[in-house]
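Okay, data_4.txt now, which holds compact mmCIF, C-alpha atoms:
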```txt
# COMPACT_ATOMS: atom_id res chain seq x y z
CA MET A 1 15.74 6.65 -10.57
CA PRO A 2 12.21 5.21 -10.82
CA ILE A 3 11.55 1.86 -9.16
CA PRO A 4 10.58 -0.50 -12.01
CA THR A 5 7.32 -2.44 -12.08
CA VAL A 6 6.79 -6.07 -13.05
CA ALA A 7 3.35 -7.50 -13.86
CA LEU A 8 2.42 -11.18 -13.76
CA VAL A 9 -0.29 -12.20 -16.23
CA GLY A 10 -1.81 -15.54 -17.12
CA LYS A 11 -4.97 -17.57 -16.96
CA PRO A 12 -6.13 -19.18 -13.70
CA ASN A 13 -4.31 -22.16 -12.18
CA VAL A 14 -1.01 -21.68 -13.99
CA GLY A 15 0.88 -21.17 -10.70
CA LYS A 16 0.88 -17.40 -10.77
CA SER A 17 -0.04 -16.91 -7.12
CA THR A 18 2.64 -19.34 -6.01
CA LEU A 19 5.25 -17.44 -8.00
CA PHE A 20 3.94 -14.09 -6.72
CA ASN A 21 4.24 -15.22 -3.09
CA LYS A 22 7.70 -16.63 -3.68
CA ILE A 23 9.01 -13.43 -5.24
CA VAL A 24 7.64 -11.16 -2.50
CA GLY A 25 8.84 -13.62 0.15
CA LYS A 26 5.58 -14.28 1.98
CA LYS A 27 2.11 -15.70 1.56
CA ILE A 28 -0.41 -12.98 0.87
CA SER A 29 -3.66 -13.72 2.68
CA ILE A 30 -7.00 -12.54 1.39
CA ILE A 31 -9.57 -11.37 3.95
CA GLU A 32 -12.42 -9.61 2.20
CA ASP A 33 -13.44 -7.18 4.96
CA THR A 34 -9.94 -6.11 5.96
CA PRO A 35 -8.70 -2.65 4.92
CA GLY A 36 -5.91 -3.04 2.39
CA ILE A 37 -7.37 -6.15 0.76
CA THR A 38 -6.88 -4.74 -2.74
CA ARG A 39 -3.19 -4.23 -2.09
CA ASP A 40 -2.92 -7.73 -0.58
CA ARG A 41 -4.23 -9.31 -3.75
CA ILE A 42 -2.35 -7.45 -6.46
CA TYR A 43 0.58 -5.39 -5.25
CA GLN A 44 3.79 -5.82 -3.26
CA GLU A 45 7.29 -4.45 -3.23
CA ALA A 46 9.99 -7.07 -3.86
CA THR A 47 13.78 -7.24 -3.75
CA TYR A 48 16.15 -9.53 -5.63
CA ASN A 49 19.95 -9.19 -5.46
CA ARG A 50 19.66 -5.67 -4.03
CA LYS A 51 17.34 -4.62 -6.84
CA ARG A 52 13.93 -3.29 -5.80
CA PHE A 53 10.79 -3.40 -7.90
CA PHE A 54 7.02 -3.36 -7.59
CA LEU A 55 5.23 -6.63 -8.39
CA ILE A 56 1.64 -6.71 -9.64
CA ASP A 57 -0.52 -9.82 -9.73
CA THR A 58 -3.22 -9.07 -12.27
CA GLY A 59 -5.44 -12.04 -11.44
CA GLY A 60 -6.31 -14.98 -13.65
CA ILE A 61 -7.67 -14.33 -17.13
CA ASP A 62 -10.59 -16.71 -17.58
CA THR A 63 -11.64 -16.92 -21.23
CA THR A 64 -14.41 -19.38 -20.45
CA LYS A 65 -16.60 -16.60 -19.10
CA LYS A 66 -19.21 -15.09 -21.38
CA ASP A 67 -17.67 -11.65 -21.14
CA PHE A 68 -14.10 -12.89 -21.24
CA ASN A 69 -12.96 -10.27 -23.76
CA GLU A 70 -13.74 -7.50 -21.29
CA GLU A 71 -11.86 -9.34 -18.57
CA ILE A 72 -8.85 -9.81 -20.84
CA ARG A 73 -8.81 -6.14 -21.75
CA LEU A 74 -9.04 -5.28 -18.08
CA GLN A 75 -5.97 -7.34 -17.24
CA ALA A 76 -4.09 -6.03 -20.25
CA GLU A 77 -4.81 -2.46 -19.14
CA ILE A 78 -2.93 -3.18 -15.94
CA ALA A 79 0.04 -4.76 -17.67
CA ILE A 80 0.29 -2.07 -20.33
CA ARG A 81 -0.28 0.95 -18.10
CA GLU A 82 1.79 -0.08 -15.09
CA ALA A 83 4.53 -2.50 -16.05
CA ASP A 84 8.04 -2.08 -17.36
CA ILE A 85 8.26 -5.85 -17.80
CA VAL A 86 5.45 -8.38 -18.19
CA VAL A 87 5.94 -11.99 -17.09
CA PHE A 88 3.48 -14.08 -19.09
CA ILE A 89 2.96 -17.35 -17.18
CA VAL A 90 1.71 -20.34 -19.15
CA ASP A 91 0.87 -23.90 -18.13
CA GLY A 92 3.51 -26.23 -19.55
CA ASN A 93 1.53 -29.30 -18.62
CA GLU A 94 -1.59 -28.13 -20.46
CA GLY A 95 0.30 -26.83 -23.44
CA LEU A 96 -0.47 -23.86 -25.68
CA THR A 97 -4.15 -22.85 -25.53
CA ARG A 98 -6.50 -20.41 -27.22
CA SER A 99 -6.42 -18.26 -24.07
CA ASP A 100 -2.65 -17.95 -24.35
CA LEU A 101 -2.95 -16.75 -27.93
CA ILE A 102 -5.54 -14.13 -27.00
CA VAL A 103 -3.35 -12.74 -24.25
CA ARG A 104 -0.35 -12.89 -26.64
CA ASP A 105 -2.14 -10.66 -29.13
CA ILE A 106 -2.82 -8.02 -26.50
CA LEU A 107 0.67 -8.06 -25.02
CA ARG A 108 2.37 -7.78 -28.40
CA LYS A 109 0.68 -4.43 -28.90
CA SER A 110 2.06 -3.07 -25.65
CA ASN A 111 5.67 -2.69 -26.79
CA LYS A 112 6.73 -3.82 -23.32
CA LYS A 113 9.36 -6.47 -22.68
CA VAL A 114 7.60 -9.82 -22.23
CA ILE A 115 9.18 -12.86 -20.56
CA VAL A 116 7.31 -16.13 -21.04
CA ALA A 117 7.56 -18.32 -17.94
CA ILE A 118 6.60 -21.90 -18.86
CA ASN A 119 5.46 -23.31 -15.52
CA LYS A 120 5.00 -26.83 -14.07
CA MET A 121 8.28 -28.17 -15.45
CA ASP A 122 8.34 -30.61 -12.53
CA ILE A 123 5.77 -32.62 -14.49
CA LYS A 124 7.34 -34.90 -17.11
CA GLU A 125 4.66 -34.25 -19.75
CA ALA A 126 5.26 -30.50 -19.54
CA ARG A 127 8.78 -30.81 -20.91
CA ASN A 128 7.42 -32.13 -24.19
CA ASN A 129 5.34 -28.96 -24.67
CA ILE A 130 8.08 -26.36 -24.23
CA TYR A 131 8.72 -25.71 -27.90
CA ASP A 132 5.02 -25.28 -28.69
CA PHE A 133 5.09 -22.00 -26.77
CA TYR A 134 7.64 -20.51 -29.18
CA GLU A 135 4.63 -19.92 -31.43
CA LEU A 136 3.79 -17.01 -29.14
CA GLY A 137 6.54 -15.03 -30.85
CA PHE A 138 8.31 -13.45 -27.89
CA ASP A 139 12.08 -13.33 -27.36
CA THR A 140 12.55 -14.88 -23.92
CA TYR A 141 11.26 -18.27 -22.69
CA ILE A 142 12.20 -19.72 -19.30
CA PRO A 143 11.00 -23.16 -18.07
CA ILE A 144 10.15 -22.96 -14.37
CA SER A 145 8.36 -24.72 -11.53
CA SER A 146 6.84 -22.30 -9.03
CA ILE A 147 6.55 -25.06 -6.46
CA HIS A 148 9.92 -26.78 -6.86
CA ASN A 149 12.14 -23.75 -7.63
CA ILE A 150 13.11 -24.99 -11.07
CA GLY A 151 14.31 -22.06 -13.17
CA TYR A 152 13.61 -19.48 -10.45
CA VAL A 153 17.10 -17.94 -10.48
CA GLU A 154 17.13 -17.81 -14.28
CA LEU A 155 13.71 -16.12 -14.30
CA MET A 156 14.64 -13.53 -11.68
CA ASP A 157 17.94 -12.78 -13.41
CA ALA A 158 16.05 -12.18 -16.66
CA ILE A 159 13.45 -9.96 -14.96
CA THR A 160 15.98 -7.78 -13.16
CA LEU A 161 18.69 -7.77 -15.84
CA SER A 162 18.23 -4.09 -16.67
CA PHE A 163 17.34 -2.97 -13.14
CA SER A 164 19.84 -0.94 -11.12
CA GLU A 165 20.77 -1.67 -7.54
CA TYR A 166 18.61 0.57 -5.46
CA ASP A 167 20.39 3.54 -3.91
CA GLU A 168 17.87 5.75 -2.17
CA GLU A 169 18.70 9.43 -2.24
CA VAL A 170 18.61 11.15 1.12
CA ASP A 171 15.95 13.84 1.16
CA ASP A 172 14.94 15.05 4.61
CA ARG A 173 12.04 17.17 3.39
CA LEU A 174 8.66 16.03 4.64
CA LYS A 175 6.82 14.13 1.93
CA PHE A 176 3.07 13.92 1.84
CA CYS A 177 0.76 12.54 -0.80
CA ILE A 178 -2.79 13.11 -1.94
CA ILE A 179 -4.61 9.83 -2.49
CA GLY A 180 -8.17 8.67 -2.96
CA ARG A 181 -10.68 7.21 -5.36
CA PRO A 182 -10.96 8.61 -8.89
CA ASN A 183 -12.74 11.94 -9.21
CA VAL A 184 -12.80 12.88 -5.52
CA GLY A 185 -10.84 16.06 -6.20
CA LYS A 186 -7.21 15.07 -5.67
CA SER A 187 -5.82 17.26 -8.44
CA SER A 188 -8.06 20.17 -7.43
CA LEU A 189 -6.72 19.90 -3.90
CA MET A 190 -3.14 19.95 -5.13
CA ASN A 191 -3.83 23.00 -7.28
CA ALA A 192 -5.51 24.75 -4.38
CA LEU A 193 -2.51 24.14 -2.15
CA LEU A 194 -0.01 25.25 -4.74
CA ASN A 195 -1.97 28.41 -5.55
CA GLU A 196 -2.33 29.47 -1.95
CA GLU A 197 -0.93 32.92 -1.26
CA ARG A 198 1.94 31.77 0.97
CA VAL A 199 3.03 28.93 -1.32
CA VAL A 200 5.84 28.98 -3.86
CA VAL A 201 6.09 25.94 -6.12
CA SER A 202 8.46 24.60 -8.73
CA ASP A 203 7.78 21.39 -10.64
CA ILE A 204 10.37 18.65 -10.56
CA ALA A 205 10.48 15.33 -12.36
CA GLY A 206 8.37 12.68 -10.65
CA THR A 207 10.20 9.58 -9.47
CA THR A 208 7.34 7.25 -10.33
CA ARG A 209 5.24 7.09 -13.43
CA ASP A 210 1.80 8.76 -13.27
CA SER A 211 2.67 10.85 -10.24
CA ILE A 212 3.74 14.46 -10.02
CA ASP A 213 6.13 15.73 -7.36
CA SER A 214 6.07 19.41 -6.49
CA VAL A 215 8.16 21.40 -4.06
CA LEU A 216 5.79 23.28 -1.81
CA LYS A 217 7.12 26.14 0.30
CA TYR A 218 4.99 26.97 3.31
CA ASN A 219 6.06 29.28 6.14
CA ASN A 220 9.64 29.30 4.78
CA GLN A 221 9.91 25.49 4.83
CA GLU A 222 10.03 23.17 1.82
CA TYR A 223 7.84 20.08 1.51
CA LEU A 224 7.44 17.48 -1.21
CA LEU A 225 3.85 17.14 -2.37
CA ILE A 226 3.12 13.94 -4.28
CA ASP A 227 -0.01 13.75 -6.43
CA THR A 228 -1.47 10.76 -8.25
CA ALA A 229 -3.04 12.82 -11.00
CA GLY A 230 -2.64 10.01 -13.53
CA MET A 231 -5.42 7.98 -11.90
CA ARG A 232 -8.28 8.46 -14.34
CA LYS A 233 -11.22 6.43 -15.57
CA LYS A 234 -11.07 5.77 -19.31
CA GLY A 235 -14.09 4.02 -20.78
CA LYS A 236 -16.26 1.23 -19.44
CA VAL A 237 -13.41 -1.25 -19.00
CA PHE A 238 -11.29 1.16 -17.01
CA GLU A 239 -14.26 2.19 -14.85
CA SER A 240 -14.42 -1.37 -13.53
CA VAL A 241 -10.71 -1.35 -12.70
CA GLU A 242 -11.05 1.09 -9.80
CA LYS A 243 -9.39 -1.36 -7.43
CA TYR A 244 -6.47 -1.77 -9.79
CA SER A 245 -6.01 1.98 -10.23
CA LEU A 246 -5.07 1.96 -6.55
CA ILE A 247 -1.60 0.85 -7.63
CA ARG A 248 -0.61 4.42 -8.43
CA SER A 249 -1.75 5.52 -5.00
CA LEU A 250 0.25 2.72 -3.40
CA ARG A 251 3.43 3.93 -5.03
CA ALA A 252 2.82 7.42 -3.69
CA ILE A 253 2.05 6.07 -0.21
CA ASP A 254 5.28 4.08 -0.10
CA ARG A 255 7.30 7.24 -0.76
CA SER A 256 5.44 9.48 1.67
CA ASP A 257 5.58 10.33 5.37
CA ILE A 258 1.95 11.49 5.55
CA CYS A 259 -1.07 10.57 3.44
CA LEU A 260 -4.01 12.85 2.76
CA VAL A 261 -6.97 10.58 2.04
CA VAL A 262 -9.51 12.58 0.07
CA ILE A 263 -13.19 11.75 0.62
CA ASP A 264 -15.92 13.12 -1.66
CA ALA A 265 -18.46 14.62 0.76
CA SER A 266 -21.13 14.74 -1.95
CA GLN A 267 -20.87 10.97 -2.55
CA GLY A 268 -20.33 9.83 1.01
CA ILE A 269 -17.91 7.19 2.27
CA LYS A 270 -17.19 4.21 0.02
CA GLU A 271 -15.60 0.86 0.86
CA HIS A 272 -12.68 1.71 -1.41
CA ASP A 273 -11.91 4.74 0.78
CA LYS A 274 -11.33 2.31 3.65
CA HIS A 275 -9.01 0.17 1.55
CA ILE A 276 -6.88 3.17 0.68
CA ALA A 277 -6.70 4.40 4.27
CA GLY A 278 -6.00 0.86 5.47
CA TYR A 279 -2.96 0.53 3.28
CA ALA A 280 -1.53 3.84 4.53
CA ILE A 281 -1.90 2.57 8.08
CA GLU A 282 -0.32 -0.79 7.28
CA ARG A 283 2.69 1.02 5.88
CA GLY A 284 2.98 3.10 9.06
CA LYS A 285 2.20 6.45 7.45
CA GLY A 286 0.75 9.54 9.04
CA LEU A 287 -2.91 9.96 8.10
CA ILE A 288 -5.25 12.90 7.57
CA PHE A 289 -8.76 12.64 6.16
CA VAL A 290 -9.68 15.47 3.80
CA VAL A 291 -13.43 15.70 3.26
CA ASN A 292 -13.59 17.56 -0.05
CA LYS A 293 -16.53 19.24 -1.83
CA TRP A 294 -17.92 20.31 1.52
CA ASP A 295 -19.60 23.26 -0.24
CA LEU A 296 -21.94 20.77 -1.94
CA VAL A 297 -23.24 19.34 1.35
CA LYS A 298 -26.43 21.10 2.40
CA ASP A 299 -28.17 18.66 4.72
CA SER A 300 -25.40 17.76 7.16
CA SER A 301 -23.26 19.63 9.69
CA ILE A 302 -19.58 18.99 10.32
CA SER A 303 -20.40 17.37 13.67
CA GLU A 304 -22.91 15.01 12.02
CA PHE A 305 -20.52 14.05 9.24
CA GLU A 306 -17.73 13.58 11.76
CA LYS A 307 -19.81 11.01 13.65
CA LEU A 308 -20.27 9.13 10.38
CA MET A 309 -16.52 9.30 9.60
CA ARG A 310 -15.57 8.00 13.03
CA ALA A 311 -18.07 5.16 12.77
CA GLU A 312 -16.85 4.10 9.31
CA PHE A 313 -13.13 4.52 10.06
CA GLN A 314 -13.01 2.95 13.50
CA PHE A 315 -9.54 1.63 12.73
CA ALA A 316 -8.20 5.21 12.41
CA THR A 317 -9.91 7.26 15.11
CA TYR A 318 -6.62 9.07 15.75
CA ALA A 319 -6.58 10.66 12.28
CA PRO A 320 -7.66 14.31 12.09
CA ILE A 321 -10.44 15.27 9.67
CA VAL A 322 -10.37 18.46 7.61
CA TYR A 323 -13.45 19.75 5.81
CA LEU A 324 -12.88 21.97 2.78
CA SER A 325 -13.65 22.70 -0.84
CA ALA A 326 -10.62 22.44 -3.10
CA LEU A 327 -12.52 24.07 -5.96
CA THR A 328 -13.69 27.17 -4.09
CA LYS A 329 -10.73 27.08 -1.66
CA LYS A 330 -13.11 27.43 1.25
CA ARG A 331 -11.39 26.27 4.46
CA ILE A 332 -8.25 25.33 2.49
CA HIS A 333 -6.22 27.23 5.10
CA THR A 334 -7.10 24.60 7.72
CA LEU A 335 -5.15 21.79 6.03
CA MET A 336 -1.45 22.70 6.28
CA PRO A 337 -1.54 23.31 10.08
CA GLU A 338 -2.83 19.73 10.47
CA VAL A 339 -0.07 18.43 8.17
CA LEU A 340 2.55 20.16 10.31
CA LYS A 341 1.04 18.79 13.52
CA VAL A 342 1.07 15.23 12.18
CA ALA A 343 4.62 15.77 10.87
CA GLU A 344 5.75 16.39 14.45
CA ASN A 345 3.86 13.41 15.82
CA ILE A 346 5.19 10.78 13.40
CA LYS A 347 8.74 11.48 14.61
CA LYS A 348 7.91 12.22 18.25
CA GLU A 349 10.16 10.55 20.82
CA ILE A 350 9.08 9.87 24.40
CA LYS A 351 11.58 9.58 27.24
CA THR A 352 11.94 6.08 28.60
CA SER A 353 11.13 7.22 32.15
CA LEU A 354 7.88 8.85 31.03
CA ILE A 355 6.61 5.91 28.97
CA ASN A 356 7.39 3.51 31.83
CA GLU A 357 5.42 5.68 34.26
CA VAL A 358 2.41 5.58 31.96
CA ILE A 359 2.59 1.80 31.48
CA ILE A 360 3.06 1.11 35.21
CA ASP A 361 0.03 3.28 36.02
CA ALA A 362 -1.96 1.55 33.28
CA THR A 363 -1.21 -1.94 34.64
CA LEU A 364 -2.04 -0.88 38.21
CA LEU A 365 -5.34 0.57 37.05
CA ASN A 366 -6.21 -2.46 34.95
CA GLN A 367 -4.24 -5.65 35.38
CA PRO A 368 -3.69 -7.91 32.34
CA PRO A 369 -6.13 -10.83 32.21
CA SER A 370 -4.85 -14.22 33.35
CA TYR A 371 -4.60 -17.11 30.94
CA LYS A 372 -4.35 -20.73 32.16
CA GLY A 373 -3.22 -19.51 35.56
CA ARG A 374 -0.58 -17.13 34.17
CA ARG A 375 -0.70 -13.36 33.91
CA LEU A 376 1.22 -11.03 31.61
CA LYS A 377 3.92 -9.09 33.41
CA ILE A 378 5.53 -6.03 31.80
CA TYR A 379 9.08 -5.44 33.05
CA PHE A 380 10.21 -2.50 30.95
CA THR A 381 9.03 -0.33 28.06
CA SER A 382 10.98 1.91 25.70
CA GLN A 383 10.47 3.69 22.41
CA THR A 384 12.48 1.94 19.70
CA GLY A 385 11.48 3.71 16.50
CA ILE A 386 9.81 6.64 14.75
CA LYS A 387 7.82 7.07 11.54
CA PRO A 388 5.73 5.52 12.98
CA PRO A 389 6.49 5.66 16.71
CA LYS A 390 7.28 2.18 17.97
CA PHE A 391 7.28 0.95 21.57
CA THR A 392 8.89 -2.28 22.71
CA PHE A 393 7.62 -4.03 25.84
CA ARG A 394 9.79 -6.53 27.71
CA VAL A 395 7.45 -9.12 29.18
CA ASN A 396 7.47 -12.51 30.89
CA SER A 397 5.73 -14.18 27.93
CA LYS A 398 4.56 -12.43 24.77
CA GLY A 399 2.15 -15.30 24.21
CA LEU A 400 0.07 -13.90 27.08
CA VAL A 401 -0.61 -10.62 25.28
CA HIS A 402 -4.30 -10.39 24.40
CA PHE A 403 -5.30 -8.07 21.57
CA SER A 404 -7.80 -6.26 23.80
CA TYR A 405 -5.10 -5.48 26.37
CA GLU A 406 -2.74 -4.36 23.63
CA ARG A 407 -5.46 -1.94 22.48
CA TYR A 408 -5.86 -0.77 26.07
CA LEU A 409 -2.14 0.01 26.33
CA GLU A 410 -2.22 1.90 23.03
CA ASN A 411 -5.15 3.97 24.24
CA LYS A 412 -3.30 4.81 27.45
CA ILE A 413 -0.25 5.94 25.48
CA ARG A 414 -2.44 8.13 23.29
CA GLU A 415 -4.20 9.59 26.35
CA ASN A 416 -0.87 10.74 27.77
CA PHE A 417 0.99 11.76 24.63
CA ASP A 418 -0.27 13.52 21.51
CA PHE A 419 0.02 11.05 18.65
CA THR A 420 -2.74 12.59 16.57
CA GLY A 421 -2.47 11.52 12.95
CA THR A 422 0.03 8.70 13.35
CA PRO A 423 -0.30 4.97 13.91
CA ILE A 424 1.82 3.63 16.74
CA VAL A 425 3.35 0.16 16.85
CA LEU A 426 3.49 -1.95 20.00
CA GLN A 427 6.01 -4.78 20.00
CA PHE A 428 6.23 -7.37 22.76
CA LYS A 429 9.40 -9.34 23.46
CA ASN A 430 10.33 -11.85 26.10
CA ARG A 431 12.76 -10.53 28.66
CA ASN A 432 15.76 -12.45 27.29
CA GLU A 433 14.84 -12.16 23.61
CA ASP A 434 17.45 -10.59 21.36
CA ASP A 435 16.76 -7.23 19.71
CA LEU A 436 16.82 -8.45 16.11
```

Reformat the file's structure so that it appears as structure tokens.
Amino acid sequence: MPIPTVALVGKPNVGKSTLFNKIVGKKISIIEDTPGITRDRIYQEATYNRKRFFLIDTGGIDTTKKDFNEEIRLQAEIAIREADIVVFIVDGNEGLTRSDLIVRDILRKSNKKVIVAINKMDIKEARNNIYDFYELGFDTYIPISSIHNIGYVELMDAITLSFSEYDEEVDDRLKFCIIGRPNVGKSSLMNALLNEERVVVSDIAGTTRDSIDSVLKYNNQEYLLIDTAGMRKKGKVFESVEKYSLIRSLRAIDRSDICLVVIDASQGIKEHDKHIAGYAIERGKGLIFVVNKWDLVKDSSISEFEKLMRAEFQFATYAPIVYLSALTKKRIHTLMPEVLKVAENIKKEIKTSLINEVIIDATLLNQPPSYKGRRLKIYFTSQTGIKPPKFTFRVNSKGLVHFSYERYLENKIRENFDFTGTPIVLQFKNRNEDDL
């Protein structure tokens, strides 16, 4: 059963971000140079009454700009292409505006269910404007206040009315996805894998829109290969929506164990490549870089390009890099062995005695720095999770953990155990803290 998608649309300053943060249950910070920033601004998974859905914040539609029509079409593309339900947020205090009518005209053509959320009902003047919004011509209107929780339950009940309680099917096959910017060769890579001599494939229905799931049989084992073939540029407006087209990749990432991030060798590394890889890491997924179109590179060796990759992706130095050409199938045979290696590492479990030996040796070799006369003391370490591997440290005070020492401990773990291709999570807890 596909997980439904809800899009929030509206002009700036109508309270959309406040509602978005409330629904997803946390404040979404925006840091421009951090990998994953695109996801932080527009996409989160949310749950309400045991019903899961994806929530998209399409950004404010500002009709005061000179090229506002292009911006409106851009936002409408997102709502129309991605959403099952559109929540159209309007400013009750300001009343019905020309911008609202423009957005109305676009949404009415989408044939999607539209819920009009009339915000700022905590302001007395806003209540007098409610009935003006009926001119928009939609079926459902709900007065709300994003800040003061007025109408929140009614809105969420209306949004999730047709959603089913999420019951995830158990499928123990390894799932890996092919993600990347438009036109880097994702579909060609999938075709190359599925046409390889030792591969048998049968198509099955995809569980999310615009993705294709295939059963890939390699060395007598079955794997689920998830492609985001629907991610295409369509016209000038859609070309500028590259960051929004990431949404399809995010869905595939959420369902996968391992992500193959495809880089176009002929174009070099782009900032958007880092965003995509950053999200996979944030979600704790195994990671492999696939440098595609290697046959088109004439003035660089693999060792030279690898130095560039490691410099640009310093936050993922553990990820293996495969160089190939999906179109000519040159070096395509090098990819699946890396997938299988990473598949083992994301679920690798280390004995408690072994991890404690490594951490004790690490602290003897390099003591934690002191802070205000106190020094971090690690009492005990154990592995407490897989996919990704997670290690919990019992310490005297987790407030004494410096990020540089945390990085040092991670490096020591990686030096002693092969965690190629997988992020690892270090969690610090005070000695008497409950395991919650």

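Between Val153 (chain A) and the candidates A:Ile23, A:Lys270, A:Glu304, A:Ile321, the tightest atom-to-atom separation, counting all atoms listed in the file, involves A:Ile23.
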
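CA of His272 (chain A) lies 22.8 Å from CA of Leu327 (chain A).
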
How far is it from CA of Leu340 (chain A) to CA of Phe393 (chain A), in Å with one decimal?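 Between CA of Leu340 (chain A) and CA of Phe393 (chain A) the gap works out to 29.2 Å.
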
Neighbours of point (-2.4, -20.7, -27.5) within 10 Å, using all atoms listed in the file, written as a PyMOL selection string: chain A and resi 90+95-104+132-133+135-136

Calculated over all atoms listed in the file, which of the candidates A:Glu94, A:Glu125, A:Val86, A:Asn13 has the smallest distance to Leu155 (chain A)?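 Checking each of A:Glu94, A:Glu125, A:Val86, A:Asn13 against Leu155 (chain A), counting all atoms listed in the file, the winner is A:Val86.
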
Could you check the closest approach to Ile106 (chain A) for each of A:Val9, A:Arg310, A:Gly25, A:Tyr48 and tell me which residue wins, using all atoms listed in the file? A:Val9

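By all atoms listed in the file, and with residues fewer than 2 positions from Leu287 (chain A) along its chain excluded, the set lying at most 7 Å from it is A:Ile258, A:Cys259, A:Leu260, A:Lys285, A:Phe289, A:Ala319, A:Gly421, A:Thr422.
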
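The gap separating CA of Arg414 (chain A) from CA of Gly385 (chain A) is 16.1 Å, in Å to one decimal.
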
So that I can see what lies close to Leu335 (chain A), please list as a PDB file with C-alpha atoms, keeping the file's coordinate frame the residues with an atom at most 10 Å from it, counting only C-alpha atoms and leaving out residues fewer than 6 positions away in the same chain.
```pdb
ATOM      1  CA  LEU A 193      -2.510  24.140  -2.150  1.00  0.00           C
ATOM      2  CA  LEU A 260      -4.010  12.850   2.760  1.00  0.00           C
ATOM      3  CA  ILE A 288      -5.250  12.900   7.570  1.00  0.00           C
ATOM      4  CA  PHE A 289      -8.760  12.640   6.160  1.00  0.00           C
ATOM      5  CA  VAL A 290      -9.680  15.470   3.800  1.00  0.00           C
ATOM      6  CA  PRO A 320      -7.660  14.310  12.090  1.00  0.00           C
ATOM      7  CA  ILE A 321     -10.440  15.270   9.670  1.00  0.00           C
ATOM      8  CA  VAL A 322     -10.370  18.460   7.610  1.00  0.00           C
ATOM      9  CA  TYR A 323     -13.450  19.750   5.810  1.00  0.00           C
ATOM     10  CA  LEU A 324     -12.880  21.970   2.780  1.00  0.00           C
TER      11      LEU A 324
END
```

Among the residues A:Gln267, A:Ser325, A:Ser256, A:Ser145, the one that comes closest to Lys186 (chain A) [using only C-alpha atoms]: A:Ser325

Compare A:Lys347, A:Lys274, A:Thr47, A:Glu406 by their minimum atom-to-atom distance to Glu312 (chain A), counting only C-alpha atoms, and give me the closest one. A:Lys274

Can you pull out the residues contacting Leu364 (chain A)? Cut-off 12 Å, using all atoms listed in the file, and skip same-chain residues under 4 positions away; I want them as a VMD selection string. chain A and resid 357 to 360 368 377 to 378 409
